[in-house]
Structure formats: C-alpha cells, structure tokens
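Undergrad: Below is structure-v7.cif; it holds mmCIF, C-alpha atoms and all ligand atoms.
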```cif
data_model
loop_
_atom_site.label_atom_id
_atom_site.label_comp_id
_atom_site.auth_asym_id
_atom_site.auth_seq_id
_atom_site.Cartn_x
_atom_site.Cartn_y
_atom_site.Cartn_z
CA MET U 25 164.76 89.55 139.67
CA LYS U 26 163.38 88.31 136.38
CA LYS U 27 160.33 90.01 134.93
CA GLN U 28 157.34 87.70 134.53
CA GLU U 29 157.74 87.65 130.74
CA GLN U 30 161.31 86.37 131.25
CA GLN U 31 160.41 83.47 133.55
CA GLU U 32 161.07 80.03 132.17
CA ALA U 33 158.09 78.07 130.89
CA ARG U 34 156.29 76.24 133.68
CA THR U 35 155.00 72.74 132.97
CA ASP U 36 151.55 73.02 134.49
CA VAL U 37 148.52 73.73 132.33
CA SER U 38 146.10 76.12 133.96
CA GLU U 39 142.49 77.00 133.17
CA VAL U 40 142.46 80.78 132.97
CA ALA U 41 138.80 81.08 131.94
CA PRO U 42 136.02 78.55 131.33
CA ASN U 43 137.43 76.14 128.72
CA VAL U 44 140.44 78.40 128.07
CA LEU U 45 143.78 76.82 129.01
CA ARG U 46 147.19 78.45 129.32
CA MET U 47 150.18 76.38 128.22
CA GLU U 48 153.63 77.93 128.55
CA LEU U 49 156.10 76.96 125.84
CA PRO U 50 159.86 77.53 126.15
CA ILE U 51 161.48 80.13 123.91
CA SER U 52 164.94 81.62 123.87
CA MET U 53 164.67 85.14 122.59
CA PRO U 54 166.06 88.39 123.91
CA GLY U 55 164.16 89.33 127.06
CA LEU U 56 161.62 86.51 126.88
CA GLY U 57 161.54 83.13 128.64
CA HIS U 58 158.27 81.61 127.45
CA VAL U 59 155.33 82.18 125.16
CA ASN U 60 151.77 81.48 126.29
CA CYS U 61 149.88 79.21 123.98
CA TYR U 62 146.16 79.38 124.81
CA ALA U 63 143.80 76.53 124.04
CA VAL U 64 140.08 77.08 123.68
CA ILE U 65 138.33 73.75 124.17
CA ASP U 66 135.10 72.73 122.47
CA ASP U 67 133.21 69.56 121.54
CA GLU U 68 135.29 69.04 118.40
CA GLY U 69 138.67 69.46 120.06
CA ALA U 70 140.70 72.64 120.49
CA THR U 71 141.76 75.93 119.00
CA LEU U 72 145.35 76.90 119.78
CA MET U 73 146.51 80.48 119.82
CA ASP U 74 150.22 81.20 119.20
CA PRO U 75 151.81 77.73 119.13
CA GLY U 76 155.43 78.60 119.95
CA LEU U 77 158.68 78.45 117.99
CA PRO U 78 159.23 76.14 115.03
CA GLY U 79 161.10 72.87 115.55
CA PRO U 80 160.97 69.48 117.26
CA GLU U 81 161.73 70.82 120.75
CA THR U 82 158.59 72.92 120.86
CA GLN U 83 156.57 70.19 119.17
CA GLU U 84 157.51 67.76 121.92
CA VAL U 85 156.63 70.18 124.72
CA LEU U 86 153.39 71.11 123.01
CA SER U 87 152.43 67.43 122.73
CA GLN U 88 153.13 66.99 126.45
CA ARG U 89 151.04 70.01 127.43
CA LEU U 90 148.16 68.88 125.22
CA ALA U 91 148.33 65.40 126.77
CA GLN U 92 148.07 66.97 130.22
CA ALA U 93 144.81 68.49 129.02
CA GLY U 94 143.64 65.15 127.62
CA LEU U 95 144.27 66.20 124.03
CA GLN U 96 146.39 65.13 121.07
CA GLU U 97 147.85 67.20 118.25
CA THR U 98 145.19 65.78 115.95
CA ASP U 99 142.46 67.30 118.14
CA VAL U 100 143.64 70.77 117.19
CA HIS U 101 141.27 71.93 114.47
CA THR U 102 142.20 75.63 114.46
CA VAL U 103 145.43 77.55 114.96
CA ILE U 104 145.28 81.30 115.48
CA ILE U 105 148.40 83.44 115.03
CA THR U 106 148.29 86.91 116.57
CA HIS U 107 151.21 88.23 114.52
CA SER U 108 154.08 87.18 112.28
CA HIS U 109 156.85 86.54 114.80
CA PRO U 110 158.34 83.03 114.96
CA ASP U 111 157.60 82.48 118.66
CA HIS U 112 153.91 82.85 117.78
CA PHE U 113 153.54 80.89 114.54
CA GLY U 114 156.21 78.19 114.88
CA CYS U 115 154.18 74.96 115.16
CA ALA U 116 151.27 76.10 112.98
CA ASN U 117 152.34 74.16 109.88
CA TRP U 118 153.10 71.10 111.96
CA LEU U 119 149.59 71.14 113.48
CA ALA U 120 148.06 71.66 110.05
CA ASP U 121 150.00 68.64 108.74
CA LYS U 122 149.09 66.48 111.75
CA GLY U 123 145.38 67.05 112.05
CA GLY U 124 144.45 69.35 109.19
CA ALA U 125 144.08 72.39 111.41
CA ARG U 126 143.00 75.57 109.63
CA ILE U 127 145.34 78.49 110.20
CA VAL U 128 143.90 81.88 111.05
CA ALA U 129 145.95 85.10 110.86
CA TYR U 130 145.47 88.71 109.88
CA GLU U 131 144.96 89.25 106.16
CA SER U 132 148.25 91.17 105.86
CA PHE U 133 150.20 88.41 107.66
CA GLY U 134 153.79 88.16 106.53
CA TRP U 135 156.34 90.07 108.56
CA GLY U 136 156.02 93.17 106.45
CA VAL U 137 157.59 91.29 103.54
CA GLY U 138 154.70 91.82 101.21
CA LEU U 139 153.25 88.33 101.50
CA GLY U 140 149.70 89.48 102.06
CA PRO U 141 147.39 90.93 99.45
CA HIS U 142 146.50 93.99 101.51
CA ASP U 143 149.88 95.30 102.53
CA HIS U 144 149.56 98.46 100.56
CA ASP U 145 145.92 99.33 101.01
CA HIS U 146 146.74 102.31 103.18
CA GLU U 147 147.42 105.63 101.53
CA VAL U 148 151.03 106.45 100.82
CA SER U 149 152.31 109.95 100.34
CA VAL U 150 155.56 110.68 98.55
CA ASP U 151 156.91 111.77 101.89
CA ASP U 152 156.31 108.31 103.29
CA LEU U 153 158.00 106.41 100.52
CA ARG U 154 161.23 105.87 102.35
CA ALA U 155 159.41 104.46 105.35
CA GLN U 156 157.47 102.24 102.97
CA SER U 157 160.43 101.07 100.97
CA ASP U 158 161.35 98.29 103.32
CA ALA U 159 157.92 96.73 103.12
CA THR U 160 157.71 96.76 99.38
CA ILE U 161 159.98 93.93 98.44
CA PRO U 162 158.47 92.78 95.19
CA PRO U 163 157.89 89.06 95.19
CA ARG U 164 159.90 87.01 92.73
CA GLN U 165 158.39 84.11 90.90
CA ASP U 166 159.17 80.69 92.34
CA GLU U 167 160.48 82.26 95.50
CA THR U 168 159.51 80.70 98.81
CA PRO U 169 158.55 82.93 101.74
CA GLU U 170 161.76 81.72 103.42
CA GLU U 171 163.86 82.96 100.51
CA ARG U 172 162.09 86.28 100.59
CA TRP U 173 162.67 86.46 104.32
CA GLN U 174 166.35 85.85 103.71
CA ARG U 175 166.46 88.50 101.00
CA ARG U 176 164.75 90.98 103.27
CA HIS U 177 167.25 90.33 106.01
CA GLU U 178 170.19 90.97 103.73
CA ARG U 179 168.78 94.32 102.73
CA LEU U 180 169.96 97.44 104.36
CA THR U 181 167.60 99.06 106.81
CA PRO U 182 165.54 102.02 105.58
CA TRP U 183 167.76 104.32 107.64
CA GLY U 184 170.97 102.98 106.09
CA GLY U 185 173.86 101.01 107.46
CA THR U 186 173.15 97.82 109.35
CA PRO U 187 171.55 94.98 107.37
CA ILE U 188 168.13 94.15 108.77
CA GLY U 189 169.17 90.62 109.71
CA ALA U 190 172.35 91.73 111.47
CA GLY U 191 170.93 91.29 114.98
CA LEU U 192 170.00 87.69 114.32
CA GLU U 193 173.45 86.14 114.08
CA GLY U 194 174.31 86.52 117.73
CA ARG U 195 171.47 86.77 120.15
CA GLU U 196 168.81 85.06 118.09
CA SER U 197 171.02 82.53 116.37
CA LYS U 198 168.73 79.67 117.30
CA VAL U 199 165.82 81.38 115.64
CA ALA U 200 167.91 82.33 112.62
CA GLU U 201 169.02 78.72 112.32
CA MET U 202 165.44 77.48 112.31
CA MET U 203 164.51 80.12 109.80
CA SER U 204 167.09 78.97 107.34
CA SER U 205 166.48 75.27 107.96
CA GLY U 206 163.34 74.84 105.94
CA LYS U 207 159.71 75.62 105.66
CA PHE U 208 158.46 77.58 108.62
CA PHE U 209 156.12 80.21 107.25
CA PRO U 210 152.56 79.05 107.85
CA GLU U 211 150.12 78.92 104.99
CA ILE U 212 147.18 80.98 106.14
CA SER U 213 143.94 79.21 105.26
CA ASP U 214 141.63 81.69 106.99
CA PRO U 215 142.72 85.32 106.74
CA VAL U 216 140.75 87.65 109.01
CA THR U 217 140.23 91.38 109.23
CA ASP U 218 139.15 93.90 111.85
CA GLY U 219 135.64 93.23 113.14
CA ASP U 220 135.48 89.62 111.98
CA VAL U 221 133.88 87.21 114.42
CA LEU U 222 135.33 83.78 115.16
CA LYS U 223 133.23 81.16 116.89
CA LEU U 224 135.48 79.42 119.43
CA GLY U 225 134.28 77.11 122.17
CA GLY U 226 130.70 78.10 121.36
CA ARG U 227 131.38 81.78 121.97
CA GLU U 228 131.93 84.79 119.73
CA TRP U 229 135.42 86.26 119.60
CA PHE U 230 135.95 89.57 117.81
CA VAL U 231 139.06 90.32 115.77
CA ARG U 232 140.58 93.67 116.78
CA PHE U 233 143.36 94.92 114.50
CA THR U 234 146.19 96.31 116.64
CA PRO U 235 149.22 97.18 114.47
CA GLY U 236 152.44 98.59 115.92
CA HIS U 237 154.43 95.71 117.39
CA THR U 238 154.12 94.31 113.88
CA SER U 239 151.99 95.61 111.04
CA ASP U 240 149.77 92.49 111.10
CA HIS U 241 148.99 92.15 114.81
CA PHE U 242 145.51 91.54 116.12
CA CYS U 243 143.84 90.77 119.45
CA LEU U 244 140.79 88.61 120.10
CA HIS U 245 137.98 89.79 122.36
CA SER U 246 135.23 87.73 123.94
CA PRO U 247 132.70 90.15 125.45
CA GLU U 248 130.83 87.20 126.91
CA LEU U 249 133.87 85.93 128.84
CA GLU U 250 135.10 89.54 129.28
CA ILE U 251 138.48 88.42 128.05
CA LEU U 252 141.01 89.99 125.71
CA LEU U 253 143.65 87.73 124.21
CA SER U 254 146.21 90.47 123.71
CA GLY U 255 149.13 88.74 121.97
CA ASP U 256 152.17 91.02 122.25
CA HIS U 257 150.12 94.21 121.90
CA VAL U 258 149.78 94.74 125.66
CA LEU U 259 152.14 92.86 127.96
CA PRO U 260 151.95 92.97 131.76
CA SER U 261 155.39 94.31 132.67
CA ILE U 262 157.50 94.95 129.57
CA THR U 263 156.96 97.34 126.68
CA PRO U 264 156.51 95.59 123.34
CA HIS U 265 159.15 96.37 120.72
CA ILE U 266 157.93 98.76 118.04
CA ALA U 267 159.50 97.85 114.72
CA GLY U 268 160.33 100.74 112.43
CA THR U 269 160.76 98.34 109.54
CA GLY U 270 157.19 97.22 109.00
CA ALA U 271 154.66 98.06 106.33
CA HIS U 272 153.37 101.29 107.85
CA ALA U 273 154.73 104.80 107.70
CA ASP U 274 154.30 105.75 111.36
CA PRO U 275 154.04 102.50 113.34
CA LEU U 276 154.34 104.25 116.70
CA LYS U 277 151.27 106.37 115.96
CA LEU U 278 149.33 103.28 114.90
CA TYR U 279 150.50 101.50 118.00
CA MET U 280 149.38 104.26 120.37
CA GLU U 281 146.01 104.46 118.60
CA ALA U 282 145.66 100.70 118.90
CA LEU U 283 146.39 100.97 122.64
CA ASP U 284 143.52 103.45 122.97
CA LYS U 285 141.36 101.16 120.90
CA VAL U 286 141.68 98.18 123.24
CA ALA U 287 141.52 100.38 126.35
CA ALA U 288 138.14 101.66 125.13
CA LEU U 289 136.63 98.18 124.69
CA ASP U 290 133.67 97.43 126.93
CA HIS U 291 133.52 94.08 128.68
CA VAL U 292 137.18 93.34 129.31
CA SER U 293 137.86 92.25 132.87
CA ARG U 294 140.84 90.03 132.15
CA VAL U 295 143.71 90.20 129.69
CA LEU U 296 145.54 87.07 128.58
CA PRO U 297 148.90 88.16 127.12
CA ALA U 298 151.26 86.09 124.98
CA HIS U 299 154.07 86.52 127.52
CA GLY U 300 153.67 86.83 131.30
CA ASN U 301 150.65 86.34 133.56
CA PRO U 302 146.98 87.29 133.11
CA PHE U 303 146.14 90.80 134.36
CA ASP U 304 143.01 92.87 134.87
CA ASN U 305 144.10 96.51 134.71
CA LEU U 306 144.07 96.96 130.93
CA ALA U 307 143.48 100.72 130.78
CA GLU U 308 146.12 101.36 133.43
CA ARG U 309 148.60 99.22 131.50
CA THR U 310 147.93 100.88 128.13
CA GLU U 311 148.37 104.30 129.76
CA ALA U 312 151.70 103.23 131.28
CA ILE U 313 152.95 101.98 127.91
CA LYS U 314 151.86 105.20 126.20
CA ARG U 315 153.59 107.21 128.91
CA HIS U 316 156.77 105.23 128.27
CA HIS U 317 156.71 106.16 124.59
CA ILE U 318 155.94 109.81 125.30
CA GLU U 319 158.93 109.90 127.65
CA ARG U 320 161.07 108.24 124.96
CA LEU U 321 159.94 110.83 122.42
CA ASP U 322 160.86 113.62 124.86
CA ARG U 323 164.23 111.97 125.45
CA THR U 324 164.75 111.66 121.70
CA LYS U 325 164.15 115.39 121.34
CA GLU U 326 166.63 116.12 124.16
CA ILE U 327 169.21 113.92 122.47
CA GLY U 328 168.54 115.77 119.24
CA SER U 329 169.37 119.06 120.87
CA GLU U 330 172.64 117.60 122.18
CA LEU U 331 173.65 115.90 118.93
CA GLY U 332 172.34 118.30 116.34
CA THR U 333 172.02 116.42 113.08
CA ALA U 334 172.64 112.72 113.65
CA THR U 335 172.09 109.23 112.31
CA VAL U 336 169.54 106.76 113.69
CA GLU U 337 172.42 104.72 115.05
CA ALA U 338 173.76 107.73 116.97
CA PHE U 339 170.33 108.48 118.42
CA SER U 340 169.83 104.82 119.37
CA GLN U 341 173.15 104.67 121.20
CA LYS U 342 172.05 107.55 123.41
CA LEU U 343 168.57 106.12 123.93
CA PHE U 344 169.59 102.55 124.74
CA PRO U 345 172.20 101.04 127.05
CA GLU U 346 175.19 99.54 125.24
CA ARG U 347 174.08 95.92 125.75
CA SER U 348 170.98 96.70 123.63
CA TRP U 349 172.76 98.40 120.74
CA GLY U 350 172.10 97.00 117.30
CA MET U 351 169.33 96.37 114.87
CA MET U 352 166.38 96.22 117.29
CA ALA U 353 167.38 99.36 119.15
CA GLU U 354 167.89 101.18 115.85
CA SER U 355 164.57 99.97 114.52
CA GLU U 356 162.68 101.28 117.53
CA THR U 357 164.63 104.55 117.49
CA TYR U 358 163.75 104.92 113.82
CA ALA U 359 160.06 104.44 114.71
CA HIS U 360 160.34 107.25 117.27
CA LEU U 361 162.21 109.58 114.90
CA GLU U 362 159.72 108.92 112.11
CA HIS U 363 156.89 109.65 114.53
CA LEU U 364 158.49 113.02 115.32
CA ARG U 365 158.99 113.70 111.62
CA HIS U 366 155.33 112.98 110.89
CA ALA U 367 154.41 115.34 113.72
CA ARG U 368 156.68 117.95 112.04
CA GLU U 369 158.96 117.96 115.08
CA ALA U 370 161.90 116.53 113.18
CA GLU U 371 163.39 116.73 109.72
CA CYS U 372 165.24 114.09 107.86
CA HIS U 373 167.63 113.92 104.92
CA ALA U 374 169.76 111.21 103.40
CA GLY U 375 173.53 111.70 103.64
CA GLU U 376 175.96 110.86 100.85
CA ASP U 377 176.70 107.59 102.65
CA GLY U 378 173.04 106.59 102.25
CA LYS U 379 172.34 106.98 105.95
CA LEU U 380 169.39 109.05 107.10
CA ARG U 381 170.14 111.98 109.33
CA TYR U 382 167.58 113.55 111.62
CA VAL U 383 167.47 116.96 113.18
CA ILE U 384 164.93 118.04 115.78
CA ARG U 385 163.13 121.27 114.92
ZN ZN D 401 156.14 87.48 121.25
#
```
Represent the structure of the file as structure tokens.

TA:
Amino acid sequence: MKKQEQQEARTDVSEVAPNVLRMELPISMPGLGHVNCYAVIDDEGATLMDPGLPGPETQEVLSQRLAQAGLQETDVHTVIITHSHPDHFGCANWLADKGGARIVAYESFGWGVGLGPHDHDHEVSVDDLRAQSDATIPPRQDETPEERWQRRHERLTPWGGTPIGAGLEGRESKVAEMMSSGKFFPEISDPVTDGDVLKLGGREWFVRFTPGHTSDHFCLHSPELEILLSGDHVLPSITPHIAGTGAHADPLKLYMEALDKVAALDHVSRVLPAHGNPFDNLAERTEAIKRHHIERLDRTKEIGSELGTATVEAFSQKLFPERSWGMMAESETYAHLEHLRHAREAECHAGEDGKLRYVIR
C-alpha cells in the first residue's frame, strides 16, 4: 500500500480553503509521487506555492491545472518557494518569464551552496567548522548557480568518501539530467525572513523560518484562515529527510526546534503539506516526527556500542535497510551523529583516509 505522499498526481483541482486551490503535479523522486502546488486566488490573478519540477512536462501539466481553475500562466503574479529542492522551485523561472511573476523565497535560498547573502550569519565555533565546510563553497566569478551546483556535487561529503552528487546518477537521474540541462535556479526577486508578512488573496500570511529539511525552509501561516502551508517541514505520513550537508552545524537540533515552533502556533486548524493530503493534527504529527528522531538517536547510540569507532557509512548501513544505502542515508546519519556530538554524547576524529570516525561516549 502506497503512502499518501507516494500516490501519483491526481488531475482534479480541489479548493482546500476559501480561494486556496490544491493542484497535484507529477514528480519522480525517491519515495514521492506528486508535489502539491497551492494557488491562492485574488482579484489580480494567483500566487503559486511550490510549482513542481523544472521542464516541459511539468509546465504542460501546470498549464492544464491552471486552465481547470480558469487561469493562465500569465495570471500568476507571485511564486513562493518553500525551500531549495527542485520539486518545489522547478517552474518558477518559467512563470517569471511568462507573466513577470515575482519570486519569493527565504533570504538564504540556495541549497546550502552559499548563494544567499545570509548563509553565514549564525555563529560558528571552531568545533563546527567541519560541519560548516560543505556550505562554504566560495563563489567564483562568472560562475552560474548551475555550475556551482555541479561543483558542489563533485565535492566529497563532509564525512569523507562518497561524492555529494553520487546518489543522483541512479535514482534521481531525471532530476540530475534537468539540473545539467540549463538554467533552473530561480532568481529570487523577493527574499523574505522570519516574521515577514505577505499579503495573499487579501489576507496576511506570516513567514515562519523552519530549517532542518533544508537550511532555507519556511512555512506560511494564515491565522485568519487557520492554515499552515507546511512545505516539507511537516508531512502527513512520512518523515522529511534531514540533510547533514546544509549550512548549519546541527540541522537536526534546528529541525526539532522548528517542529516545536510550528506546533506552538495559535490558530492552526489545518495543515496543507507539499506532499500528501491536508491534515489537522499538527501537534500530534510534530510529536510523532520528533519521537522518530529520538528513537533513531537511541538506535545510533546502540549501533555505536556494537561497532565501537566507525565511519558514517558504517553507521548508516546499520541504521538503514540496504535498498536505502548511499548518499541520502549517509547524510541523515551524519546529521544524527553530529547532533550526538553537539550534545557531547559522541566524539569524532578524522582518519588518515579523510573519513570521519565517530565513537559514542
Ligand atoms: Zn519536497
């Protein structure tokens, strides 16, 4: 039985709140069957949130869905991108070209590749430098974001060994292909930060910074509609991937704090996630996701006592089933091990082969 996030995109457009439409767009990524693109309708046209993967296939489907709602691409005056993953920002440039849509994203938008001006605002201790190193790829002059993306993916991971882009050749080849095929990184015209207010469909929507899944993720909250557009921060039945390769030293800690942050919001009766169906039990869901990570941390410690000193790869192969082995599993394992290290429950040193080795205290 497929999880709801894995279901194929349905063609119908549904109104999930007054003047808020849900349009499912097809994606082919590990564990996901569709992405929800939400449209907020107003007198001037529409704001679209998370307009799918790049490329003509998605553009065609998006045009169809808009037509079902009586809209054209040129009616889209605003595109909002919850975070810098390709299934969320894909058609942003296309919509900007078509109808001059402004593009809204978090001020640090850029996949942890140092594209934003505020990537390094947070304090960095010497201890954190290794965790930071991946995010601090200095920009080269005349380099496009795509070239920097490529360069980042050829780098070795902060924990040594596998190149960051290694997972992309097989499972995500379609995405990788699109990435290398031209200009896909959106140009952000309207960077936002925590607490900013966007006026959409005549209502106020508050920007809530929720790093963890990526270091530039945010949610949008309308207290008036009692709705949280949660992006990938809180999903109804799967646990969002926590990338250990982003711009922050302890992304898991930030993620758990950001779960508490949205759970504590007043006036949320419905959550509209980027994958899967709307749900109303936000606090219950955030608790379940936190519990999952606490269990994973406990399991990581158990594995540490079995393995002694071991590489991230070795830990990940005990934590994940074989079909999941690879870059993403290692990245999430690294996030858990770094969390334990920051909590002084693990120690880490680099081996002569350049690979990090962790030991649980
Ligand atoms: Zn996603």

Undergrad: Which residues, written as a VMD selection string, have at least one atom at most 9 Å from Ala370 in chain U, with all atoms listed in the file counted and residues fewer than 2 positions away on the same chain left out?

TA: chain U and resid 325 361 to 368 372 382 to 385

Undergrad: Please identify all protein, DNA and RNA residues within 7 Å of ligand ZN 401 (chain D), counting all atoms listed in the file, and report them as a VMD selection string.

TA: chain U and resid 59 109 111 to 112 256 298 to 299

Undergrad: What is the distance, in Å and to one decimal place, between CA of His291 in chain U and CA of Leu306 in chain U?

TA: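 Going from CA of His291 in chain U over to CA of Leu306 in chain U covers 11.2 Å.
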
Undergrad: Using Å and a single decimal, report how far CA of His241 in chain U sits from CA of Thr310 in chain U.

TA: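 Computing it gives 16.0 Å between the two atoms.
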
Undergrad: Quote the spacing between CA of Glu330 in chain U and CA of Thr357 in chain U in Å to one decimal place.

TA: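 Calculated distance between CA of Glu330 in chain U and CA of Thr357 in chain U is 16.0 Å.
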
Undergrad: Using all atoms listed in the file for the distances, tell me which of U:Phe209, U:Val292, U:Ile127, U:Thr181 is nearest to Val336 in chain U.

TA: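 Ranking U:Phe209, U:Val292, U:Ile127, U:Thr181 by distance to Val336 in chain U, first place goes to U:Thr181.
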
Undergrad: Restricting the calculation to only C-alpha atoms: of U:Gly55, U:Ser38, U:Cys115, U:Ser254, which residue gets closest to Glu84 in chain U?

TA: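 Smallest distance to Glu84 in chain U is found for U:Cys115.
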
Undergrad: Hey, what's within 7 Å of Asp304 in chain U if we count only C-alpha atoms and toss same-chain stuff fewer than 4 positions away? As a PyMOL selection string, please?

TA: chain U and resi 293-295

Undergrad: Check the smallest atom-to-atom distance from each of U:Leu119, U:Ile318, U:Leu244, U:Met351 to Leu289 in chain U using all atoms listed in the file, then report the winner.

TA: U:Leu244

Undergrad: Show me, as AutoDock Vina command-line options, the centre and edge lengths in Å to one decimal of the axis-aligned box that covers every listed atom of range 56-63 of chain U with 6 Å on each side.

TA:
```
--center_x 152.7 --center_y 81.5 --center_z 126.3 --size_x 29.8 --size_y 22.0 --size_z 16.7
```
